[in-house]
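First up is the structure itself, then whatever we jot down about it.
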Amino acid sequence: MVDITHKSNTLRVAKAQAVVQVSKGETIAAIKNRTVPKGDVFEMAKAAGFLAVKKTPDLLPDCHPIPIEYTAVNYRIEGLEIVIELIVKTIYKTGVEVEAMHGASVVALTMYDMLKPIDKGVEIKNIRLLEKKGGKSDRKAAPGDLKIAVLVCSDTISNGNGEDKSGKKIIEKLEAFNLSVADYVVVPDDKITIQQQILQWTNTGYKMILITGGTGLSRRDVTPEAVSELIDREIPGIAEAARSYGQDRIPTAMLSRSVAGFSGDSLVLTMPGSTGGVTEYIDALFPHILHVFSVLEGEKH
């Protein structure tokens, strides 16, 4: 099974369709009048669809067991065709398109089984996914001209006594979103030096400044203080979301003092100084955080 532990819960919706075609009008009449010998076709098939959605991971080996929080089955009759539409919703880390298609398939198969004694020409066709929503794929790509800088705050690395891994990890992770870093700088844990570098970037058109290191609890960890003094519009939810995401994975995530917000038109975000920490921050915040640039340009939330 695919590892989805790095994903966040979001509302996931999928709609699937299947079509049952009968061979004569009398069959449609029997369905409408509830005179099919095996019972009420619509209600029996709907119940079977509900069961199928919930049982999907029991039958398909790679499907994750997930909480199914809503399922609906709708029908419409078009001539000799019964069009089945099945909707599934959940709030989870992975989508429900397979559950929706499996449910629609079983609804159609149940109809076939119930109708075959009175109609030998029944066919099932056009099982397909109509739409899916939720997850990272819903977010638009960032502006192609987004100018990004990465700042590493570390006495040890700036003195040449250590190798930067977290800053390089940020650059690597951003590549998955087709984002490239235009500048990358290492500075010591010094408040004035950190602020000078940030101001240099905000004054030269950088739209996103990602900072790693100095968000902990030692007396040399001054990054949050340096950044907070430059932020004129804080966005508390960004750091809160990252800490909440991390808390589900490691209890000490609550100790991060990360801050985020706009300095002028530049989004400044601080992250922990470990590769694990920045990995979690990128996984928790991207690509959703890129929506701030659309809002900044006047688009609605």
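Letters A, B, ... mark the chains of the structure tokens in the order given; residue numbers begin at 1 per chain; ligand numbers begin at 1, in order shown.
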
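Residues in contact range of Leu11 (chain A), defined as at most 7 Å between only C-alpha atoms, with sequence neighbours fewer than 5 positions away removed, read Thr90, Ile91, Tyr92 and Gly134 of chain A.
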
Those selected residues, please, written with N, CA, C and O atoms and delivered as an mmCIF file, in the first residue's frame.
data_model
loop_
_atom_site.group_PDB
_atom_site.id
_atom_site.type_symbol
_atom_site.label_atom_id
_atom_site.label_comp_id
_atom_site.auth_asym_id
_atom_site.auth_seq_id
_atom_site.Cartn_x
_atom_site.Cartn_y
_atom_site.Cartn_z
ATOM 1 N N THR A 90 -15.565 11.888 2.260
ATOM 2 C CA THR A 90 -14.860 11.613 3.502
ATOM 3 C C THR A 90 -13.928 12.773 3.809
ATOM 4 O O THR A 90 -13.650 13.600 2.926
ATOM 5 N N ILE A 91 -13.466 12.841 5.029
ATOM 6 C CA ILE A 91 -12.379 13.757 5.382
ATOM 7 C C ILE A 91 -11.216 12.876 5.796
ATOM 8 O O ILE A 91 -11.201 12.304 6.888
ATOM 9 N N TYR A 92 -10.269 12.741 4.878
ATOM 10 C CA TYR A 92 -9.169 11.810 5.118
ATOM 11 C C TYR A 92 -7.967 12.187 4.262
ATOM 12 O O TYR A 92 -7.974 13.195 3.550
ATOM 13 N N GLY A 134 -10.684 17.395 -3.785
ATOM 14 C CA GLY A 134 -9.983 17.241 -2.526
ATOM 15 C C GLY A 134 -8.523 16.908 -2.718
ATOM 16 O O GLY A 134 -8.118 16.384 -3.753
#

Non-local contacts of Val259 (chain A) (10 Å; only C-alpha atoms; under 2 positions in same chain excluded) as a PDB file with N, CA, C and O atoms, in the first residue's frame:
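Wrote out_0.pdb, looks like this:
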ATOM      1  N   THR A 215      14.511  28.235  15.462  1.00  0.00           N
ATOM      2  CA  THR A 215      13.138  28.351  15.970  1.00  0.00           C
ATOM      3  C   THR A 215      12.939  27.585  17.277  1.00  0.00           C
ATOM      4  O   THR A 215      11.818  27.463  17.754  1.00  0.00           O
ATOM      5  N   THR A 223      15.608  33.412  15.550  1.00  0.00           N
ATOM      6  CA  THR A 223      14.945  33.626  14.257  1.00  0.00           C
ATOM      7  C   THR A 223      13.522  34.156  14.408  1.00  0.00           C
ATOM      8  O   THR A 223      13.145  35.110  13.708  1.00  0.00           O
ATOM      9  N   PRO A 224      12.681  33.599  15.289  1.00  0.00           N
ATOM     10  CA  PRO A 224      11.312  34.132  15.407  1.00  0.00           C
ATOM     11  C   PRO A 224      11.284  35.600  15.802  1.00  0.00           C
ATOM     12  O   PRO A 224      10.456  36.375  15.281  1.00  0.00           O
ATOM     13  N   GLU A 225      12.175  36.001  16.720  1.00  0.00           N
ATOM     14  CA  GLU A 225      12.217  37.401  17.133  1.00  0.00           C
ATOM     15  C   GLU A 225      12.657  38.300  15.979  1.00  0.00           C
ATOM     16  O   GLU A 225      12.087  39.381  15.754  1.00  0.00           O
ATOM     17  N   VAL A 227      12.342  37.750  12.749  1.00  0.00           N
ATOM     18  CA  VAL A 227      11.312  37.812  11.707  1.00  0.00           C
ATOM     19  C   VAL A 227      10.096  38.587  12.175  1.00  0.00           C
ATOM     20  O   VAL A 227       9.521  39.393  11.427  1.00  0.00           O
ATOM     21  N   SER A 228       9.682  38.380  13.426  1.00  0.00           N
ATOM     22  CA  SER A 228       8.467  39.030  13.937  1.00  0.00           C
ATOM     23  C   SER A 228       8.554  40.541  13.839  1.00  0.00           C
ATOM     24  O   SER A 228       7.549  41.221  13.593  1.00  0.00           O
ATOM     25  N   ILE A 231       7.617  41.532  10.226  1.00  0.00           N
ATOM     26  CA  ILE A 231       6.305  41.161   9.699  1.00  0.00           C
ATOM     27  C   ILE A 231       5.280  42.239  10.020  1.00  0.00           C
ATOM     28  O   ILE A 231       5.124  42.635  11.176  1.00  0.00           O
ATOM     29  N   GLU A 234       0.818  39.334  10.122  1.00  0.00           N
ATOM     30  CA  GLU A 234       1.077  37.961  10.533  1.00  0.00           C
ATOM     31  C   GLU A 234      -0.040  37.047  10.031  1.00  0.00           C
ATOM     32  O   GLU A 234      -1.203  37.457   9.913  1.00  0.00           O
ATOM     33  N   ILE A 235       0.318  35.801   9.717  1.00  0.00           N
ATOM     34  CA  ILE A 235      -0.660  34.774   9.340  1.00  0.00           C
ATOM     35  C   ILE A 235      -0.487  33.623  10.319  1.00  0.00           C
ATOM     36  O   ILE A 235       0.223  32.641  10.044  1.00  0.00           O
ATOM     37  N   PRO A 236      -1.121  33.696  11.490  1.00  0.00           N
ATOM     38  CA  PRO A 236      -0.893  32.702  12.542  1.00  0.00           C
ATOM     39  C   PRO A 236      -1.236  31.273  12.122  1.00  0.00           C
ATOM     40  O   PRO A 236      -0.602  30.319  12.578  1.00  0.00           O
ATOM     41  N   GLY A 237      -2.242  31.140  11.259  1.00  0.00           N
ATOM     42  CA  GLY A 237      -2.695  29.804  10.877  1.00  0.00           C
ATOM     43  C   GLY A 237      -1.637  28.965  10.187  1.00  0.00           C
ATOM     44  O   GLY A 237      -1.693  27.730  10.240  1.00  0.00           O
ATOM     45  N   ILE A 238      -0.663  29.607   9.536  1.00  0.00           N
ATOM     46  CA  ILE A 238       0.367  28.846   8.826  1.00  0.00           C
ATOM     47  C   ILE A 238       1.210  28.047   9.812  1.00  0.00           C
ATOM     48  O   ILE A 238       1.360  26.828   9.681  1.00  0.00           O
ATOM     49  N   ALA A 239       1.761  28.728  10.801  1.00  0.00           N
ATOM     50  CA  ALA A 239       2.588  28.038  11.790  1.00  0.00           C
ATOM     51  C   ALA A 239       1.755  27.074  12.632  1.00  0.00           C
ATOM     52  O   ALA A 239       2.218  25.990  13.002  1.00  0.00           O
ATOM     53  N   GLU A 240       0.502  27.471  12.916  1.00  0.00           N
ATOM     54  CA  GLU A 240      -0.376  26.593  13.692  1.00  0.00           C
ATOM     55  C   GLU A 240      -0.634  25.287  12.944  1.00  0.00           C
ATOM     56  O   GLU A 240      -0.616  24.200  13.536  1.00  0.00           O
ATOM     57  N   SER A 256       8.237  24.045  18.666  1.00  0.00           N
ATOM     58  CA  SER A 256       8.699  24.944  17.610  1.00  0.00           C
ATOM     59  C   SER A 256       8.067  26.322  17.769  1.00  0.00           C
ATOM     60  O   SER A 256       6.868  26.446  18.019  1.00  0.00           O
ATOM     61  N   ARG A 257       8.876  27.365  17.592  1.00  0.00           N
ATOM     62  CA  ARG A 257       8.390  28.743  17.722  1.00  0.00           C
ATOM     63  C   ARG A 257       8.248  29.416  16.361  1.00  0.00           C
ATOM     64  O   ARG A 257       8.396  30.622  16.229  1.00  0.00           O
ATOM     65  N   GLY A 261       4.231  35.288   8.010  1.00  0.00           N
ATOM     66  CA  GLY A 261       3.435  36.451   7.642  1.00  0.00           C
ATOM     67  C   GLY A 261       4.082  37.231   6.516  1.00  0.00           C
ATOM     68  O   GLY A 261       5.122  36.829   5.975  1.00  0.00           O
ATOM     69  N   VAL A 268       7.114  35.524   4.462  1.00  0.00           N
ATOM     70  CA  VAL A 268       8.273  35.029   5.209  1.00  0.00           C
ATOM     71  C   VAL A 268       7.797  33.920   6.135  1.00  0.00           C
ATOM     72  O   VAL A 268       6.847  34.111   6.910  1.00  0.00           O
ATOM     73  N   LEU A 269       8.456  32.790   6.068  1.00  0.00           N
ATOM     74  CA  LEU A 269       8.065  31.623   6.865  1.00  0.00           C
ATOM     75  C   LEU A 269       9.299  31.008   7.506  1.00  0.00           C
ATOM     76  O   LEU A 269      10.288  30.743   6.821  1.00  0.00           O
ATOM     77  N   THR A 270       9.239  30.802   8.816  1.00  0.00           N
ATOM     78  CA  THR A 270      10.345  30.151   9.513  1.00  0.00           C
ATOM     79  C   THR A 270      10.013  28.691   9.770  1.00  0.00           C
ATOM     80  O   THR A 270       8.857  28.342  10.021  1.00  0.00           O
ATOM     81  N   MET A 271      11.047  27.860   9.699  1.00  0.00           N
ATOM     82  CA  MET A 271      10.895  26.425   9.889  1.00  0.00           C
ATOM     83  C   MET A 271      11.979  25.915  10.836  1.00  0.00           C
ATOM     84  O   MET A 271      12.988  26.591  11.049  1.00  0.00           O
TER      85      MET A 271
END

List every residue of region 75-171 of chain A that has an atom at most 7 Å from any atom of region 176-189 of chain A, and for each one report the closest atom pair and its distance in Å to one decimal, counting only C-alpha atoms, with rows sorted by chain and then by increasing residue number, as JSON lines.
{"residue": "A:Lys147", "atom": "CA", "partner": "A:Ala182", "partner_atom": "CA", "distance": 6.3}
{"residue": "A:Ile148", "atom": "CA", "partner": "A:Val181", "partner_atom": "CA", "distance": 5.0}
{"residue": "A:Ala149", "atom": "CA", "partner": "A:Asp183", "partner_atom": "CA", "distance": 4.7}
{"residue": "A:Val150", "atom": "CA", "partner": "A:Tyr184", "partner_atom": "CA", "distance": 4.8}
{"residue": "A:Leu151", "atom": "CA", "partner": "A:Val185", "partner_atom": "CA", "distance": 5.1}
{"residue": "A:Val152", "atom": "CA", "partner": "A:Val186", "partner_atom": "CA", "distance": 4.6}
{"residue": "A:Cys153", "atom": "CA", "partner": "A:Val187", "partner_atom": "CA", "distance": 5.2}
{"residue": "A:Ser154", "atom": "CA", "partner": "A:Pro188", "partner_atom": "CA", "distance": 4.8}
{"residue": "A:Asp155", "atom": "CA", "partner": "A:Pro188", "partner_atom": "CA", "distance": 4.3}
{"residue": "A:Ser158", "atom": "CA", "partner": "A:Pro188", "partner_atom": "CA", "distance": 5.5}
{"residue": "A:Ile171", "atom": "CA", "partner": "A:Val181", "partner_atom": "CA", "distance": 6.4}

Saved selection, atoms kept: C-alpha atoms, as a short mmCIF file (atom, residue, chain, number, x, y, z; two decimals), in the first residue's frame:
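Below is the file that was written, part_1.cif:
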data_model
loop_
_atom_site.label_atom_id
_atom_site.label_comp_id
_atom_site.auth_asym_id
_atom_site.auth_seq_id
_atom_site.Cartn_x
_atom_site.Cartn_y
_atom_site.Cartn_z
CA LYS A 147 10.85 34.48 -6.75
CA ILE A 148 11.94 32.36 -3.78
CA ALA A 149 14.88 32.55 -1.37
CA VAL A 150 16.06 30.11 1.30
CA LEU A 151 17.87 31.33 4.41
CA VAL A 152 19.73 28.94 6.73
CA CYS A 153 20.30 30.27 10.26
CA SER A 154 23.07 28.38 12.04
CA ASP A 155 26.23 29.36 13.91
CA SER A 158 28.06 29.50 8.91
CA ILE A 171 15.04 23.26 -2.25
#

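Across A:Ser23, A:Asn33, A:Gln200, A:Ser258, the tightest approach to Val122 (chain A) is made by A:Ser23 when counting only C-alpha atoms.
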
Determine which residues of region 58-240 of chain A DSSP labels as helix (DSSP H, G or I) from the backbone of this structure, then write them out as a JSON list (two decimals) with N, CA and C atoms, in the first residue's frame.
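Here's the written file states.json:
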[["chain", "number", "residue", "atom", "x", "y", "z"],
["A", 58, "ASP", "N", -11.66, -4.26, 1.44],
["A", 58, "ASP", "CA", -11.63, -5.70, 1.69],
["A", 58, "ASP", "C", -11.43, -6.50, 0.40],
["A", 59, "LEU", "N", -11.72, -5.85, -0.74],
["A", 59, "LEU", "CA", -11.67, -6.56, -2.01],
["A", 59, "LEU", "C", -10.53, -6.11, -2.92],
["A", 97, "GLU", "N", -12.26, 7.90, -5.05],
["A", 97, "GLU", "CA", -12.75, 7.61, -6.40],
["A", 97, "GLU", "C", -12.95, 6.11, -6.64],
["A", 98, "VAL", "N", -12.06, 5.30, -6.09],
["A", 98, "VAL", "CA", -12.21, 3.85, -6.28],
["A", 98, "VAL", "C", -13.45, 3.35, -5.55],
["A", 99, "GLU", "N", -13.67, 3.88, -4.33],
["A", 99, "GLU", "CA", -14.88, 3.50, -3.58],
["A", 99, "GLU", "C", -16.13, 3.87, -4.35],
["A", 100, "ALA", "N", -16.12, 5.05, -4.98],
["A", 100, "ALA", "CA", -17.30, 5.49, -5.74],
["A", 100, "ALA", "C", -17.54, 4.60, -6.95],
["A", 101, "MET", "N", -16.47, 4.27, -7.68],
["A", 101, "MET", "CA", -16.64, 3.41, -8.85],
["A", 101, "MET", "C", -17.04, 1.99, -8.47],
["A", 102, "HIS", "N", -16.46, 1.49, -7.37],
["A", 102, "HIS", "CA", -16.84, 0.16, -6.89],
["A", 102, "HIS", "C", -18.32, 0.14, -6.50],
["A", 103, "GLY", "N", -18.76, 1.18, -5.78],
["A", 103, "GLY", "CA", -20.16, 1.24, -5.39],
["A", 103, "GLY", "C", -21.10, 1.30, -6.59],
["A", 104, "ALA", "N", -20.76, 2.14, -7.57],
["A", 104, "ALA", "CA", -21.60, 2.23, -8.77],
["A", 104, "ALA", "C", -21.64, 0.91, -9.52],
["A", 105, "SER", "N", -20.52, 0.19, -9.55],
["A", 105, "SER", "CA", -20.46, -1.10, -10.23],
["A", 105, "SER", "C", -21.38, -2.12, -9.57],
["A", 106, "VAL", "N", -21.36, -2.14, -8.24],
["A", 106, "VAL", "CA", -22.19, -3.11, -7.52],
["A", 106, "VAL", "C", -23.67, -2.75, -7.61],
["A", 107, "VAL", "N", -23.99, -1.46, -7.62],
["A", 107, "VAL", "CA", -25.38, -1.06, -7.85],
["A", 107, "VAL", "C", -25.85, -1.60, -9.19],
["A", 108, "ALA", "N", -25.03, -1.42, -10.21],
["A", 108, "ALA", "CA", -25.40, -1.91, -11.55],
["A", 108, "ALA", "C", -25.51, -3.43, -11.58],
["A", 109, "LEU", "N", -24.58, -4.11, -10.94],
["A", 109, "LEU", "CA", -24.60, -5.56, -10.94],
["A", 109, "LEU", "C", -25.81, -6.11, -10.18],
["A", 110, "THR", "N", -26.20, -5.42, -9.10],
["A", 110, "THR", "CA", -27.40, -5.82, -8.36],
["A", 110, "THR", "C", -28.63, -5.67, -9.23],
["A", 111, "MET", "N", -28.71, -4.59, -9.97],
["A", 111, "MET", "CA", -29.82, -4.40, -10.90],
["A", 111, "MET", "C", -29.86, -5.51, -11.94],
["A", 112, "TYR", "N", -28.69, -5.83, -12.48],
["A", 112, "TYR", "CA", -28.61, -6.90, -13.47],
["A", 112, "TYR", "C", -29.16, -8.20, -12.89],
["A", 113, "ASP", "N", -28.72, -8.53, -11.67],
["A", 113, "ASP", "CA", -29.15, -9.78, -11.05],
["A", 113, "ASP", "C", -30.65, -9.81, -10.81],
["A", 114, "MET", "N", -31.23, -8.67, -10.44],
["A", 114, "MET", "CA", -32.66, -8.62, -10.15],
["A", 114, "MET", "C", -33.52, -8.61, -11.40],
["A", 115, "LEU", "N", -32.94, -8.11, -12.48],
["A", 115, "LEU", "CA", -33.73, -7.97, -13.71],
["A", 115, "LEU", "C", -33.60, -9.14, -14.68],
["A", 136, "LYS", "N", -4.24, 17.74, -2.68],
["A", 136, "LYS", "CA", -3.35, 18.76, -3.25],
["A", 136, "LYS", "C", -3.61, 19.02, -4.72],
["A", 137, "SER", "N", -4.19, 18.07, -5.41],
["A", 137, "SER", "CA", -4.41, 18.25, -6.84],
["A", 137, "SER", "C", -5.42, 19.36, -7.14],
["A", 138, "ASP", "N", -6.21, 19.75, -6.14],
["A", 138, "ASP", "CA", -7.20, 20.81, -6.35],
["A", 138, "ASP", "C", -6.57, 22.20, -6.39],
["A", 155, "ASP", "N", 24.85, 29.00, 13.56],
["A", 155, "ASP", "CA", 26.23, 29.36, 13.91],
["A", 155, "ASP", "C", 27.20, 28.30, 13.38],
["A", 156, "THR", "N", 26.85, 27.05, 13.60],
["A", 156, "THR", "CA", 27.75, 25.95, 13.26],
["A", 156, "THR", "C", 28.01, 25.89, 11.76],
["A", 157, "ILE", "N", 26.96, 25.97, 10.97],
["A", 157, "ILE", "CA", 27.12, 25.86, 9.51],
["A", 157, "ILE", "C", 27.80, 27.09, 8.94],
["A", 158, "SER", "N", 27.45, 28.27, 9.43],
["A", 158, "SER", "CA", 28.06, 29.50, 8.91],
["A", 158, "SER", "C", 29.55, 29.57, 9.25],
["A", 166, "SER", "N", 19.06, 20.96, 5.96],
["A", 166, "SER", "CA", 17.66, 21.40, 5.96],
["A", 166, "SER", "C", 17.36, 22.39, 4.83],
["A", 167, "GLY", "N", 18.27, 23.33, 4.57],
["A", 167, "GLY", "CA", 18.06, 24.28, 3.48],
["A", 167, "GLY", "C", 18.01, 23.58, 2.13],
["A", 168, "LYS", "N", 18.91, 22.62, 1.95],
["A", 168, "LYS", "CA", 18.92, 21.85, 0.70],
["A", 168, "LYS", "C", 17.69, 20.97, 0.58],
["A", 169, "LYS", "N", 17.19, 20.50, 1.72],
["A", 169, "LYS", "CA", 15.96, 19.70, 1.69],
["A", 169, "LYS", "C", 14.77, 20.54, 1.24],
["A", 170, "ILE", "N", 14.73, 21.81, 1.69],
["A", 170, "ILE", "CA", 13.66, 22.71, 1.24],
["A", 170, "ILE", "C", 13.70, 22.86, -0.28],
["A", 171, "ILE", "N", 14.89, 23.09, -0.81],
["A", 171, "ILE", "CA", 15.04, 23.26, -2.25],
["A", 171, "ILE", "C", 14.58, 22.01, -2.99],
["A", 172, "GLU", "N", 14.97, 20.86, -2.47],
["A", 172, "GLU", "CA", 14.58, 19.58, -3.09],
["A", 172, "GLU", "C", 13.07, 19.39, -3.06],
["A", 173, "LYS", "N", 12.45, 19.68, -1.90],
["A", 173, "LYS", "CA", 11.00, 19.47, -1.76],
["A", 173, "LYS", "C", 10.20, 20.42, -2.65],
["A", 174, "LEU", "N", 10.70, 21.64, -2.84],
["A", 174, "LEU", "CA", 9.98, 22.60, -3.66],
["A", 174, "LEU", "C", 9.96, 22.20, -5.13],
["A", 175, "GLU", "N", 10.96, 21.46, -5.54],
["A", 175, "GLU", "CA", 11.02, 21.03, -6.94],
["A", 175, "GLU", "C", 9.80, 20.20, -7.33],
["A", 191, "LYS", "N", 20.50, 38.14, 15.23],
["A", 191, "LYS", "CA", 19.26, 38.82, 14.88],
["A", 191, "LYS", "C", 19.45, 39.87, 13.79],
["A", 192, "ILE", "N", 20.43, 40.74, 13.94],
["A", 192, "ILE", "CA", 20.64, 41.82, 12.98],
["A", 192, "ILE", "C", 21.01, 41.25, 11.61],
["A", 193, "THR", "N", 21.88, 40.25, 11.58],
["A", 193, "THR", "CA", 22.30, 39.66, 10.32],
["A", 193, "THR", "C", 21.12, 39.01, 9.60],
["A", 194, "ILE", "N", 20.28, 38.32, 10.35],
["A", 194, "ILE", "CA", 19.09, 37.67, 9.77],
["A", 194, "ILE", "C", 18.17, 38.73, 9.17],
["A", 195, "GLN", "N", 17.94, 39.79, 9.91],
["A", 195, "GLN", "CA", 17.04, 40.84, 9.43],
["A", 195, "GLN", "C", 17.59, 41.54, 8.20],
["A", 196, "GLN", "N", 18.89, 41.78, 8.18],
["A", 196, "GLN", "CA", 19.49, 42.44, 7.01],
["A", 196, "GLN", "C", 19.30, 41.61, 5.74],
["A", 197, "GLN", "N", 19.47, 40.30, 5.88],
["A", 197, "GLN", "CA", 19.32, 39.45, 4.70],
["A", 197, "GLN", "C", 17.86, 39.41, 4.23],
["A", 198, "ILE", "N", 16.94, 39.34, 5.17],
["A", 198, "ILE", "CA", 15.53, 39.34, 4.80],
["A", 198, "ILE", "C", 15.16, 40.65, 4.09],
["A", 199, "LEU", "N", 15.61, 41.77, 4.63],
["A", 199, "LEU", "CA", 15.30, 43.06, 4.02],
["A", 199, "LEU", "C", 15.90, 43.20, 2.63],
["A", 200, "GLN", "N", 17.07, 42.63, 2.45],
["A", 200, "GLN", "CA", 17.68, 42.67, 1.12],
["A", 200, "GLN", "C", 16.79, 41.96, 0.10],
["A", 201, "TRP", "N", 16.23, 40.85, 0.52],
["A", 201, "TRP", "CA", 15.36, 40.10, -0.38],
["A", 201, "TRP", "C", 14.00, 40.78, -0.58],
["A", 202, "THR", "N", 13.40, 41.29, 0.50],
["A", 202, "THR", "CA", 12.10, 41.94, 0.36],
["A", 202, "THR", "C", 12.20, 43.20, -0.50],
["A", 223, "THR", "N", 15.61, 33.41, 15.55],
["A", 223, "THR", "CA", 14.94, 33.63, 14.26],
["A", 223, "THR", "C", 13.52, 34.16, 14.41],
["A", 224, "PRO", "N", 12.68, 33.60, 15.29],
["A", 224, "PRO", "CA", 11.31, 34.13, 15.41],
["A", 224, "PRO", "C", 11.28, 35.60, 15.80],
["A", 225, "GLU", "N", 12.18, 36.00, 16.72],
["A", 225, "GLU", "CA", 12.22, 37.40, 17.13],
["A", 225, "GLU", "C", 12.66, 38.30, 15.98],
["A", 226, "ALA", "N", 13.65, 37.85, 15.22],
["A", 226, "ALA", "CA", 14.14, 38.64, 14.09],
["A", 226, "ALA", "C", 13.06, 38.83, 13.04],
["A", 227, "VAL", "N", 12.34, 37.75, 12.75],
["A", 227, "VAL", "CA", 11.31, 37.81, 11.71],
["A", 227, "VAL", "C", 10.10, 38.59, 12.18],
["A", 228, "SER", "N", 9.68, 38.38, 13.43],
["A", 228, "SER", "CA", 8.47, 39.03, 13.94],
["A", 228, "SER", "C", 8.55, 40.54, 13.84],
["A", 236, "PRO", "N", -1.12, 33.70, 11.49],
["A", 236, "PRO", "CA", -0.89, 32.70, 12.54],
["A", 236, "PRO", "C", -1.24, 31.27, 12.12],
["A", 237, "GLY", "N", -2.24, 31.14, 11.26],
["A", 237, "GLY", "CA", -2.69, 29.80, 10.88],
["A", 237, "GLY", "C", -1.64, 28.97, 10.19],
["A", 238, "ILE", "N", -0.66, 29.61, 9.54],
["A", 238, "ILE", "CA", 0.37, 28.85, 8.83],
["A", 238, "ILE", "C", 1.21, 28.05, 9.81],
["A", 239, "ALA", "N", 1.76, 28.73, 10.80],
["A", 239, "ALA", "CA", 2.59, 28.04, 11.79],
["A", 239, "ALA", "C", 1.75, 27.07, 12.63],
["A", 240, "GLU", "N", 0.50, 27.47, 12.92],
["A", 240, "GLU", "CA", -0.38, 26.59, 13.69],
["A", 240, "GLU", "C", -0.63, 25.29, 12.94]]

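Residues in contact with Leu80 (chain A) at up to 10 Å, not including ones fewer than 2 positions away on its chain and judged by only C-alpha atoms, are Val20, Gln21, Val22, Ser23, Lys24, Gly25, Glu26, Thr27, Ile28, Ile77, Glu78, Ile82, Val83 and Val122 of chain A.
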
All strand (DSSP E or B) residues (DSSP, backbone) inside region 99-251 of chain A, as a VMD selection string: chain A and resid 123 to 133 148 to 153 181 to 187 208 to 212 233 to 234

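With only C-alpha atoms as the atoms that count, the residue of A:Val36, A:Ala18, A:Ile282, A:Ile4 with the shortest distance to Ile66 (chain A) is A:Ile4.
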
Between CA of Leu130 (chain A) and CA of Met1 (chain A), distance in Å (one decimal): 24.7 Å

Option closest in space to Ser244 (chain A), from A:Ile84, A:Val278, A:Ala52, A:Ala284 [counting only C-alpha atoms]: A:Ala284

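Take CA of Arg128 (chain A) and CA of Arg34 (chain A): the distance between them is 27.6 Å.
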
Contacts of Ser8 (chain A) within 9 Å, only C-alpha atoms, excl. fewer than 6 positions in-chain, as a PyMOL selection string: chain A and resi 92-94+135+245+283-284

Go ahead and write the residues just picked, all heavy atoms, as a short mmCIF file (atom, residue, chain, number, x, y, z; two decimals), in the first residue's frame.
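Produced file selection_35.cif, reproduced below:
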data_model
loop_
_atom_site.label_atom_id
_atom_site.label_comp_id
_atom_site.auth_asym_id
_atom_site.auth_seq_id
_atom_site.Cartn_x
_atom_site.Cartn_y
_atom_site.Cartn_z
N TYR A 92 -10.27 12.74 4.88
CA TYR A 92 -9.17 11.81 5.12
C TYR A 92 -7.97 12.19 4.26
O TYR A 92 -7.97 13.19 3.55
CB TYR A 92 -9.62 10.36 4.84
CG TYR A 92 -8.75 9.32 5.48
CD1 TYR A 92 -8.57 9.28 6.86
CD2 TYR A 92 -8.08 8.37 4.70
CE1 TYR A 92 -7.77 8.34 7.45
CE2 TYR A 92 -7.28 7.42 5.28
CZ TYR A 92 -7.12 7.40 6.65
OH TYR A 92 -6.31 6.46 7.24
N LYS A 93 -6.95 11.33 4.30
CA LYS A 93 -5.67 11.62 3.63
C LYS A 93 -5.64 11.17 2.18
O LYS A 93 -4.71 11.53 1.45
CB LYS A 93 -4.53 10.93 4.39
CG LYS A 93 -4.38 11.36 5.83
CD LYS A 93 -3.31 10.56 6.53
CE LYS A 93 -3.20 10.94 7.99
NZ LYS A 93 -2.18 10.15 8.70
N THR A 94 -6.59 10.36 1.77
CA THR A 94 -6.57 9.86 0.40
C THR A 94 -7.98 9.90 -0.18
O THR A 94 -8.97 9.99 0.56
CB THR A 94 -6.01 8.42 0.35
OG1 THR A 94 -5.83 8.02 -1.01
CG2 THR A 94 -6.91 7.44 1.07
N GLY A 135 -7.72 17.21 -1.70
CA GLY A 135 -6.30 16.91 -1.78
C GLY A 135 -5.53 18.00 -2.51
O GLY A 135 -6.06 19.02 -2.93
N TYR A 245 0.26 19.52 12.37
CA TYR A 245 0.67 18.40 11.52
C TYR A 245 1.83 17.65 12.17
O TYR A 245 1.83 16.41 12.27
CB TYR A 245 1.09 18.94 10.16
CG TYR A 245 1.59 17.91 9.17
CD1 TYR A 245 0.72 17.32 8.26
CD2 TYR A 245 2.94 17.54 9.12
CE1 TYR A 245 1.17 16.39 7.34
CE2 TYR A 245 3.39 16.61 8.21
CZ TYR A 245 2.51 16.04 7.32
OH TYR A 245 2.97 15.10 6.42
N ASP A 283 5.40 19.36 3.68
CA ASP A 283 4.28 18.44 3.47
C ASP A 283 2.98 19.01 4.03
O ASP A 283 1.91 18.81 3.45
CB ASP A 283 4.57 17.09 4.13
CG ASP A 283 5.63 16.28 3.40
OD1 ASP A 283 5.87 16.58 2.21
OD2 ASP A 283 6.21 15.36 4.01
N ALA A 284 3.08 19.71 5.16
CA ALA A 284 1.88 20.24 5.80
C ALA A 284 1.31 21.46 5.07
O ALA A 284 0.09 21.64 5.02
CB ALA A 284 2.20 20.63 7.25
#

Contact residues around region 252-255 of chain A with only C-alpha atoms at 8 Å, ignoring same-chain residues under 5 positions, as a PyMOL selection string: chain A and resi 216-217+243-244+246-247

Selection above as a file: C-alpha atoms, as a tab-separated table (two decimals), in the first residue's frame:
chain	number	residue	atom	x	y	z
A	216	GLY	CA	13.94	26.26	19.05
A	217	LEU	CA	14.35	27.13	22.71
A	243	ARG	CA	2.76	22.48	14.35
A	244	SER	CA	-0.52	20.56	14.39
A	246	GLY	CA	3.96	17.75	13.28
A	247	GLN	CA	2.25	17.02	16.59

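With only C-alpha atoms as the basis for measurement, A:Val19 is the residue among A:Val19, A:Leu51, A:Val96, A:Ile127 that approaches Arg76 (chain A) most closely.
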
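Using only C-alpha atoms, the smallest distance between any of A:Lys165, A:Leu60, A:Arg219, A:Glu229 and Gly277 (chain A) comes from A:Lys165.
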
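Nearest residue to Val88 (chain A) among A:His64, A:Lys15, A:Arg233, A:Lys55 is A:Lys15, counting only C-alpha atoms.
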